[in-house]
>>> print(open('query-v9.pdb').read())   # PDB, C-alpha atoms
ATOM      1  CA  MET A   1     -18.462  -2.797 -24.882
ATOM      2  CA  GLN A   2     -19.629  -5.630 -22.644
ATOM      3  CA  ILE A   3     -16.361  -6.312 -20.838
ATOM      4  CA  PRO A   4     -16.527  -7.218 -17.124
ATOM      5  CA  VAL A   5     -14.182  -5.137 -14.936
ATOM      6  CA  ILE A   6     -13.148  -5.798 -11.341
ATOM      7  CA  GLU A   7     -12.196  -2.480  -9.754
ATOM      8  CA  ASP A   8      -9.968  -2.786  -6.675
ATOM      9  CA  ASP A   9     -10.199   0.574  -4.877
ATOM     10  CA  LEU A  10      -8.576  -0.227  -1.518
ATOM     11  CA  TYR A  11      -6.613   3.030  -1.346
ATOM     12  CA  GLY A  12      -9.192   5.412  -2.810
ATOM     13  CA  GLU A  13     -10.042   7.009   0.553
ATOM     14  CA  LEU A  14      -6.385   7.696   1.365
ATOM     15  CA  PHE A  15      -5.868  10.759  -0.825
ATOM     16  CA  PHE A  16      -3.809  13.746   0.309
ATOM     17  CA  LYS A  17      -4.759  16.480  -2.141
ATOM     18  CA  GLY A  18      -8.025  17.780  -3.525
ATOM     19  CA  SER A  19     -10.984  15.429  -3.590
ATOM     20  CA  ARG A  20     -11.335  11.685  -3.796
ATOM     21  CA  PRO A  21     -10.247  10.253  -7.176
ATOM     22  CA  ASP A  22     -13.083   9.143  -9.463
ATOM     23  CA  THR A  23     -13.791   5.441  -9.727
ATOM     24  CA  ILE A  24     -14.544   3.489 -12.870
ATOM     25  CA  LYS A  25     -17.775   2.413 -11.167
ATOM     26  CA  ALA A  26     -18.951   6.028 -11.139
ATOM     27  CA  TYR A  27     -19.235   5.837 -14.943
ATOM     28  CA  ASP A  28     -20.739   2.347 -15.099
ATOM     29  CA  ARG A  29     -24.299   2.505 -16.441
ATOM     30  CA  LYS A  30     -24.924  -1.141 -17.278
ATOM     31  CA  GLY A  31     -23.436  -3.015 -14.332
ATOM     32  CA  TRP A  32     -20.283  -4.358 -15.970
ATOM     33  CA  VAL A  33     -17.998  -3.024 -13.209
ATOM     34  CA  MET A  34     -17.733  -4.988  -9.956
ATOM     35  CA  TYR A  35     -16.433  -2.459  -7.452
ATOM     36  CA  CYS A  36     -14.436  -3.830  -4.481
ATOM     37  CA  ASN A  37     -13.273  -2.033  -1.343
ATOM     38  CA  CYS A  38     -12.460  -2.815   2.281
ATOM     39  CA  PHE A  39     -11.664  -1.315   5.685
ATOM     40  CA  THR A  40      -8.369  -3.198   6.056
ATOM     41  CA  LYS A  41      -6.187  -0.340   4.799
ATOM     42  CA  THR A  42      -8.163   2.518   6.317
ATOM     43  CA  LEU A  43      -9.295   1.225   9.702
ATOM     44  CA  VAL A  44      -8.166  -2.033  11.341
ATOM     45  CA  PRO A  45      -6.189  -4.651   9.357
ATOM     46  CA  GLY A  46      -7.299  -7.425  11.707
ATOM     47  CA  PHE A  47     -10.977  -6.957  10.895
ATOM     48  CA  ARG A  48     -10.505  -8.260   7.329
ATOM     49  CA  ILE A  49     -13.846  -6.748   6.331
ATOM     50  CA  GLY A  50     -14.532  -5.757   2.762
ATOM     51  CA  TRP A  51     -17.499  -4.964   0.554
ATOM     52  CA  CYS A  52     -18.421  -4.744  -3.090
ATOM     53  CA  ALA A  53     -20.977  -3.300  -5.497
ATOM     54  CA  PRO A  54     -21.227  -6.237  -7.932
ATOM     55  CA  GLY A  55     -23.475  -4.705 -10.572
ATOM     56  CA  ARG A  56     -24.962  -7.408 -12.798
ATOM     57  CA  PHE A  57     -22.920 -10.082 -11.005
ATOM     58  CA  VAL A  58     -24.968 -10.022  -7.765
ATOM     59  CA  TYR A  59     -26.042 -13.662  -7.985
ATOM     60  CA  GLU A  60     -22.528 -14.969  -8.598
ATOM     61  CA  VAL A  61     -21.063 -12.902  -5.750
ATOM     62  CA  GLU A  62     -23.811 -13.946  -3.311
ATOM     63  CA  ARG A  63     -23.359 -17.612  -4.212
ATOM     64  CA  ILE A  64     -19.576 -17.551  -3.740
ATOM     65  CA  LYS A  65     -19.812 -15.471  -0.562
ATOM     66  CA  SER A  66     -22.332 -17.890   0.959
ATOM     67  CA  MET A  67     -19.730 -20.669   0.685
ATOM     68  CA  HIS A  68     -17.146 -18.654   2.666
ATOM     69  CA  ASN A  69     -19.292 -16.610   5.068
ATOM     70  CA  GLY A  70     -18.277 -18.579   8.168
ATOM     71  CA  SER A  71     -15.006 -16.681   8.512
ATOM     72  CA  THR A  72     -16.637 -13.223   8.697
ATOM     73  CA  SER A  73     -16.909 -11.803  12.217
ATOM     74  CA  ASN A  74     -20.356 -10.455  13.123
ATOM     75  CA  PHE A  75     -18.815  -8.414  15.942
ATOM     76  CA  GLY A  76     -16.335  -6.750  13.607
ATOM     77  CA  GLN A  77     -19.089  -5.887  11.156
ATOM     78  CA  ARG A  78     -21.204  -4.327  13.904
ATOM     79  CA  VAL A  79     -18.233  -2.226  15.026
ATOM     80  CA  VAL A  80     -17.696  -0.936  11.488
ATOM     81  CA  GLN A  81     -21.417  -0.238  11.150
ATOM     82  CA  GLU A  82     -21.361   1.898  14.296
ATOM     83  CA  LEU A  83     -18.258   3.789  13.173
ATOM     84  CA  LEU A  84     -19.881   4.556   9.826
ATOM     85  CA  SER A  85     -23.295   5.569  11.151
ATOM     86  CA  SER A  86     -21.868   7.798  13.901
ATOM     87  CA  GLY A  87     -19.527   9.728  11.615
ATOM     88  CA  THR A  88     -16.487   8.491  13.563
ATOM     89  CA  TYR A  89     -15.063   6.770  10.493
ATOM     90  CA  ASP A  90     -15.082   9.991   8.450
ATOM     91  CA  ARG A  91     -13.353  11.887  11.258
ATOM     92  CA  HIS A  92     -10.790   9.090  11.549
ATOM     93  CA  LEU A  93     -10.055   9.294   7.825
ATOM     94  CA  GLN A  94      -9.409  13.024   8.001
ATOM     95  CA  LYS A  95      -6.824  12.549  10.753
ATOM     96  CA  PHE A  96      -5.364   9.424   9.168
ATOM     97  CA  ARG A  97      -4.787  11.139   5.823
ATOM     98  CA  LEU A  98      -2.985  14.003   7.564
ATOM     99  CA  GLU A  99      -0.691  11.623   9.469
ATOM    100  CA  LEU A 100       0.029   9.612   6.331
ATOM    101  CA  GLN A 101       1.023  12.738   4.454
ATOM    102  CA  LYS A 102       3.335  13.748   7.311
ATOM    103  CA  ASN A 103       4.899  10.282   7.281
ATOM    104  CA  LEU A 104       5.362  10.469   3.514
ATOM    105  CA  LEU A 105       7.240  13.757   3.832
ATOM    106  CA  ARG A 106       9.382  12.423   6.697
ATOM    107  CA  THR A 107      10.203   9.251   4.773
ATOM    108  CA  THR A 108      11.026  11.142   1.587
ATOM    109  CA  THR A 109      13.346  13.494   3.470
ATOM    110  CA  LEU A 110      15.281  10.618   5.061
ATOM    111  CA  VAL A 111      15.598   8.784   1.737
ATOM    112  CA  GLU A 112      16.938  11.933   0.086
ATOM    113  CA  GLN A 113      19.462  12.403   2.902
ATOM    114  CA  HIS A 114      20.734   8.856   3.408
ATOM    115  CA  PHE A 115      20.186   6.776   0.260
ATOM    116  CA  PRO A 116      22.786   6.575  -2.539
ATOM    117  CA  GLU A 117      23.245   9.363  -5.026
ATOM    118  CA  GLY A 118      21.015   8.833  -8.038
ATOM    119  CA  THR A 119      18.115   7.378  -6.016
ATOM    120  CA  LYS A 120      14.675   8.253  -7.396
ATOM    121  CA  ILE A 121      11.497   8.413  -5.307
ATOM    122  CA  SER A 122       7.847   8.211  -6.326
ATOM    123  CA  ARG A 123       5.632  11.164  -5.396
ATOM    124  CA  PRO A 124       2.221   9.652  -4.578
ATOM    125  CA  ASP A 125      -0.822  11.801  -3.842
ATOM    126  CA  GLY A 126      -2.199   9.161  -1.522
ATOM    127  CA  GLY A 127      -1.920   5.567  -0.362
ATOM    128  CA  LEU A 128       0.411   3.848   2.077
ATOM    129  CA  VAL A 129       3.560   2.970   0.144
ATOM    130  CA  LEU A 130       6.528   4.598  -1.525
ATOM    131  CA  TRP A 131       8.442   3.263  -4.533
ATOM    132  CA  ILE A 132      12.189   3.833  -4.647
ATOM    133  CA  GLU A 133      14.522   3.294  -7.605
ATOM    134  CA  LEU A 134      18.163   2.748  -6.627
ATOM    135  CA  PRO A 135      21.224   2.944  -8.911
ATOM    136  CA  ALA A 136      21.087   0.139 -11.488
ATOM    137  CA  GLU A 137      23.922  -1.945  -9.975
ATOM    138  CA  ILE A 138      22.115  -2.493  -6.637
ATOM    139  CA  ASN A 139      20.038  -5.654  -6.360
ATOM    140  CA  THR A 140      17.461  -5.285  -3.581
ATOM    141  CA  VAL A 141      16.662  -9.016  -3.468
ATOM    142  CA  LYS A 142      20.273  -9.975  -2.741
ATOM    143  CA  LEU A 143      20.527  -7.342  -0.009
ATOM    144  CA  GLN A 144      17.254  -8.147   1.695
ATOM    145  CA  GLN A 145      18.673 -10.728   4.112
ATOM    146  CA  LEU A 146      21.276  -8.220   5.296
ATOM    147  CA  ALA A 147      18.423  -5.803   5.976
ATOM    148  CA  PHE A 148      16.573  -8.523   7.909
ATOM    149  CA  ASP A 149      19.690  -9.053  10.008
ATOM    150  CA  GLN A 150      19.446  -5.395  11.032
ATOM    151  CA  ASP A 151      15.744  -5.749  11.892
ATOM    152  CA  VAL A 152      14.677  -3.767   8.817
ATOM    153  CA  ASN A 153      12.249  -4.944   6.139
ATOM    154  CA  TYR A 154      11.166  -3.835   2.681
ATOM    155  CA  ALA A 155       9.582  -5.352  -0.418
ATOM    156  CA  PRO A 156      12.026  -5.861  -3.320
ATOM    157  CA  GLY A 157      10.710  -4.636  -6.651
ATOM    158  CA  GLU A 158      11.376  -7.989  -8.307
ATOM    159  CA  ILE A 159       8.518  -9.707  -6.446
ATOM    160  CA  PHE A 160       6.068  -7.442  -8.286
ATOM    161  CA  SER A 161       7.256  -8.608 -11.698
ATOM    162  CA  SER A 162       6.525 -11.897 -13.449
ATOM    163  CA  LYS A 163       9.708 -11.468 -15.504
ATOM    164  CA  GLY A 164      12.205 -10.647 -12.748
ATOM    165  CA  ASP A 165      12.292  -6.936 -13.552
ATOM    166  CA  TYR A 166      12.774  -4.023 -11.130
ATOM    167  CA  GLN A 167      15.749  -5.619  -9.377
ATOM    168  CA  ASN A 168      17.044  -2.224  -8.251
ATOM    169  CA  TYR A 169      13.650  -1.106  -6.909
ATOM    170  CA  LEU A 170      12.037  -1.455  -3.510
ATOM    171  CA  ARG A 171       8.700  -0.604  -1.952
ATOM    172  CA  ILE A 172       8.409   0.623   1.632
ATOM    173  CA  SER A 173       5.378   1.485   3.714
ATOM    174  CA  PHE A 174       4.965   4.809   5.493
ATOM    175  CA  CYS A 175       1.773   3.920   7.394
ATOM    176  CA  SER A 176       3.420   2.866  10.671
ATOM    177  CA  PHE A 177       3.179   5.025  13.764
ATOM    178  CA  TRP A 178       6.156   7.375  13.476
ATOM    179  CA  GLU A 179       8.719   6.737  16.185
ATOM    180  CA  PRO A 180      12.526   6.728  16.518
ATOM    181  CA  LYS A 181      12.920   3.105  15.394
ATOM    182  CA  VAL A 182      11.210   3.900  12.089
ATOM    183  CA  GLU A 183      13.650   6.735  11.436
ATOM    184  CA  LYS A 184      16.616   4.577  12.470
ATOM    185  CA  GLY A 185      15.414   1.795  10.172
ATOM    186  CA  LEU A 186      15.350   4.097   7.158
ATOM    187  CA  ILE A 187      18.839   5.369   7.979
ATOM    188  CA  LYS A 188      20.073   1.762   8.232
ATOM    189  CA  LEU A 189      18.600   1.001   4.828
ATOM    190  CA  GLY A 190      20.276   4.047   3.347
ATOM    191  CA  GLN A 191      23.621   2.990   4.771
ATOM    192  CA  LEU A 192      23.156  -0.568   3.508
ATOM    193  CA  PHE A 193      22.439   0.550  -0.044
ATOM    194  CA  SER A 194      25.100   3.262  -0.003
ATOM    195  CA  ASN A 195      27.761   0.727   1.040
ATOM    196  CA  ALA A 196      26.513  -2.037  -1.258
ATOM    197  CA  HIS A 197      29.692  -2.034  -3.354
ATOM    198  CA  HIS A 198      31.729  -2.892  -0.216
ATOM    199  CA  ILE A 199      29.517  -5.850   0.748
ATOM    200  CA  ASN A 200      30.538  -9.351  -0.234
ATOM    201  CA  VAL A 201      27.289 -10.102  -2.087
ATOM    202  CA  PRO A 202      27.145 -10.366  -5.906
ATOM    203  CA  LEU A 203      25.346  -7.290  -7.176
ATOM    204  CA  VAL A 204      25.566  -7.848 -10.932
ATOM    205  CA  LEU A 205      22.040  -7.897 -12.352
ATOM    206  CA  THR A 206      21.093 -10.790 -14.597
TER     207      THR A 206
END
>>> encode(input="query-v9.pdb", output="structure tokens")
Amino acid sequence: MQIPVIEDDLYGELFFKGSRPDTIKAYDRKGWVMYCNCFTKTLVPGFRIGWCAPGRFVYEVERIKSMHNGSTSNFGQRVVQELLSSGTYDRHLQKFRLELQKNLLRTTTLVEQHFPEGTKISRPDGGLVLWIELPAEINTVKLQQLAFDQDVNYAPGEIFSSKGDYQNYLRISFCSFWEPKVEKGLIKLGQLFSNAHHINVPLVLT
């Protein structure tokens, strides 16, 4: 079938178990898959450097890129090139994956200890984020400002839905350097959600 596919593989290198997951591009024989990746999630967010294997769409990608190339830092690209050619990037990934897995286990443990009874947690084998499902009566959008007031942030599940679903879900990142304030922030979130029925904020889902 001649169906163009854009494959976004930003988290493919951040696996915890076994080997790297296969990509769709690995099975592409006729160039219909445009594979996209970047170093933003694995190296330095500020570099904003990505790359792609465009398959049969080389001309279109080159034309569009040429119109926006002014914002790409030559210095940043040279730094990434050196990290790749020296093997430093591969060594960094090995350590980074290990730290991410440790952070995932720490985060999961705190959620299990401090979040409301009935909370469900995703069990990812890689990546940077954790999905949490709270009891159905808790609306994470309506409680977000109270979390902000306590210097804690999360992404409500509703913002990932075009229909306003997942109102009792949230997504949190576990990629930050682990320190006491991270642990305290998770405990604060757990207390906020556990005491939601005492808070003067409407929690009835619509």
>>> resolve_selection(input="query-v9.pdb", expression="the PyMOL selection byres ((chain A and resi 33-40) around 8)", output="ChimeraX atom specification")
/A:4-10,24-25,28,31-32,41-55,57
>>> closest_residue(input="query-v9.pdb", among="A:Val111, A:Leu100, A:Leu130, A:Val141", to="Leu186 (chain A)", atoms="all atoms listed in the file")
A:Val111
>>> residues_around(input="query-v9.pdb", residues="region 159-171 of chain A", least_positions_apart="2", cutoff="9 Å", atoms="only C-alpha atoms", output="MDAnalysis selection string")
chainID A and resid 129:141 154:157 173 205
>>> closest_residue(input="query-v9.pdb", among="A:Gln101, A:Gln2, A:Thr72, A:Gln81", to="Leu14 (chain A)", atoms="only C-alpha atoms")
A:Gln101
>>> residues_around(input="query-v9.pdb", residues="region 181-183 of chain A", least_positions_apart="3", cutoff="12 Å", atoms="all atoms listed in the file", output="list in words")
Asn103, Arg106, Thr107, Thr108, Thr109, Leu110, Val111, Gln113, His114, Gln150, Asp151, Val152, Asn153, Ile172, Ser173, Phe174, Cys175, Ser176, Phe177, Trp178, Leu186, Ile187, Lys188, Leu189 and Gly190 of chain A
>>> closest_residue(input="query-v9.pdb", among="A:Val61, A:Leu192, A:Leu104, A:Leu128", to="Leu146 (chain A)", atoms="only C-alpha atoms")
A:Leu192
>>> atom_distance(input="query-v9.pdb", atom1="CA of Thr88 (chain A)", atom2="CA of Gly76 (chain A)")
15.2 Å
>>> atom_distance(input="query-v9.pdb", atom1="CA of Leu84 (chain A)", atom2="CA of Phe96 (chain A)")
15.3 Å
>>> residues_around(input="query-v9.pdb", residues="Gly126 (chain A)", least_positions_apart="4", cutoff="9 Å", atoms="only C-alpha atoms", output="list of chain:residue names")
A:Tyr11, A:Gly12, A:Glu13, A:Leu14, A:Phe15, A:Phe16, A:Lys17, A:Arg97, A:Leu100, A:Gln101
>>> axis_aligned_box(input="query-v9.pdb", around="region 31-44 of chain A", padding_each_side="6 Å", output="AutoDock Vina command-line options")
--center_x -14.8 --center_y -1.2 --center_z -2.3 --size_x 29.2 --size_y 19.5 --size_z 39.3
>>> atom_distance(input="query-v9.pdb", atom1="CA of Asp149 (chain A)", atom2="CA of Arg123 (chain A)")
29.0 Å
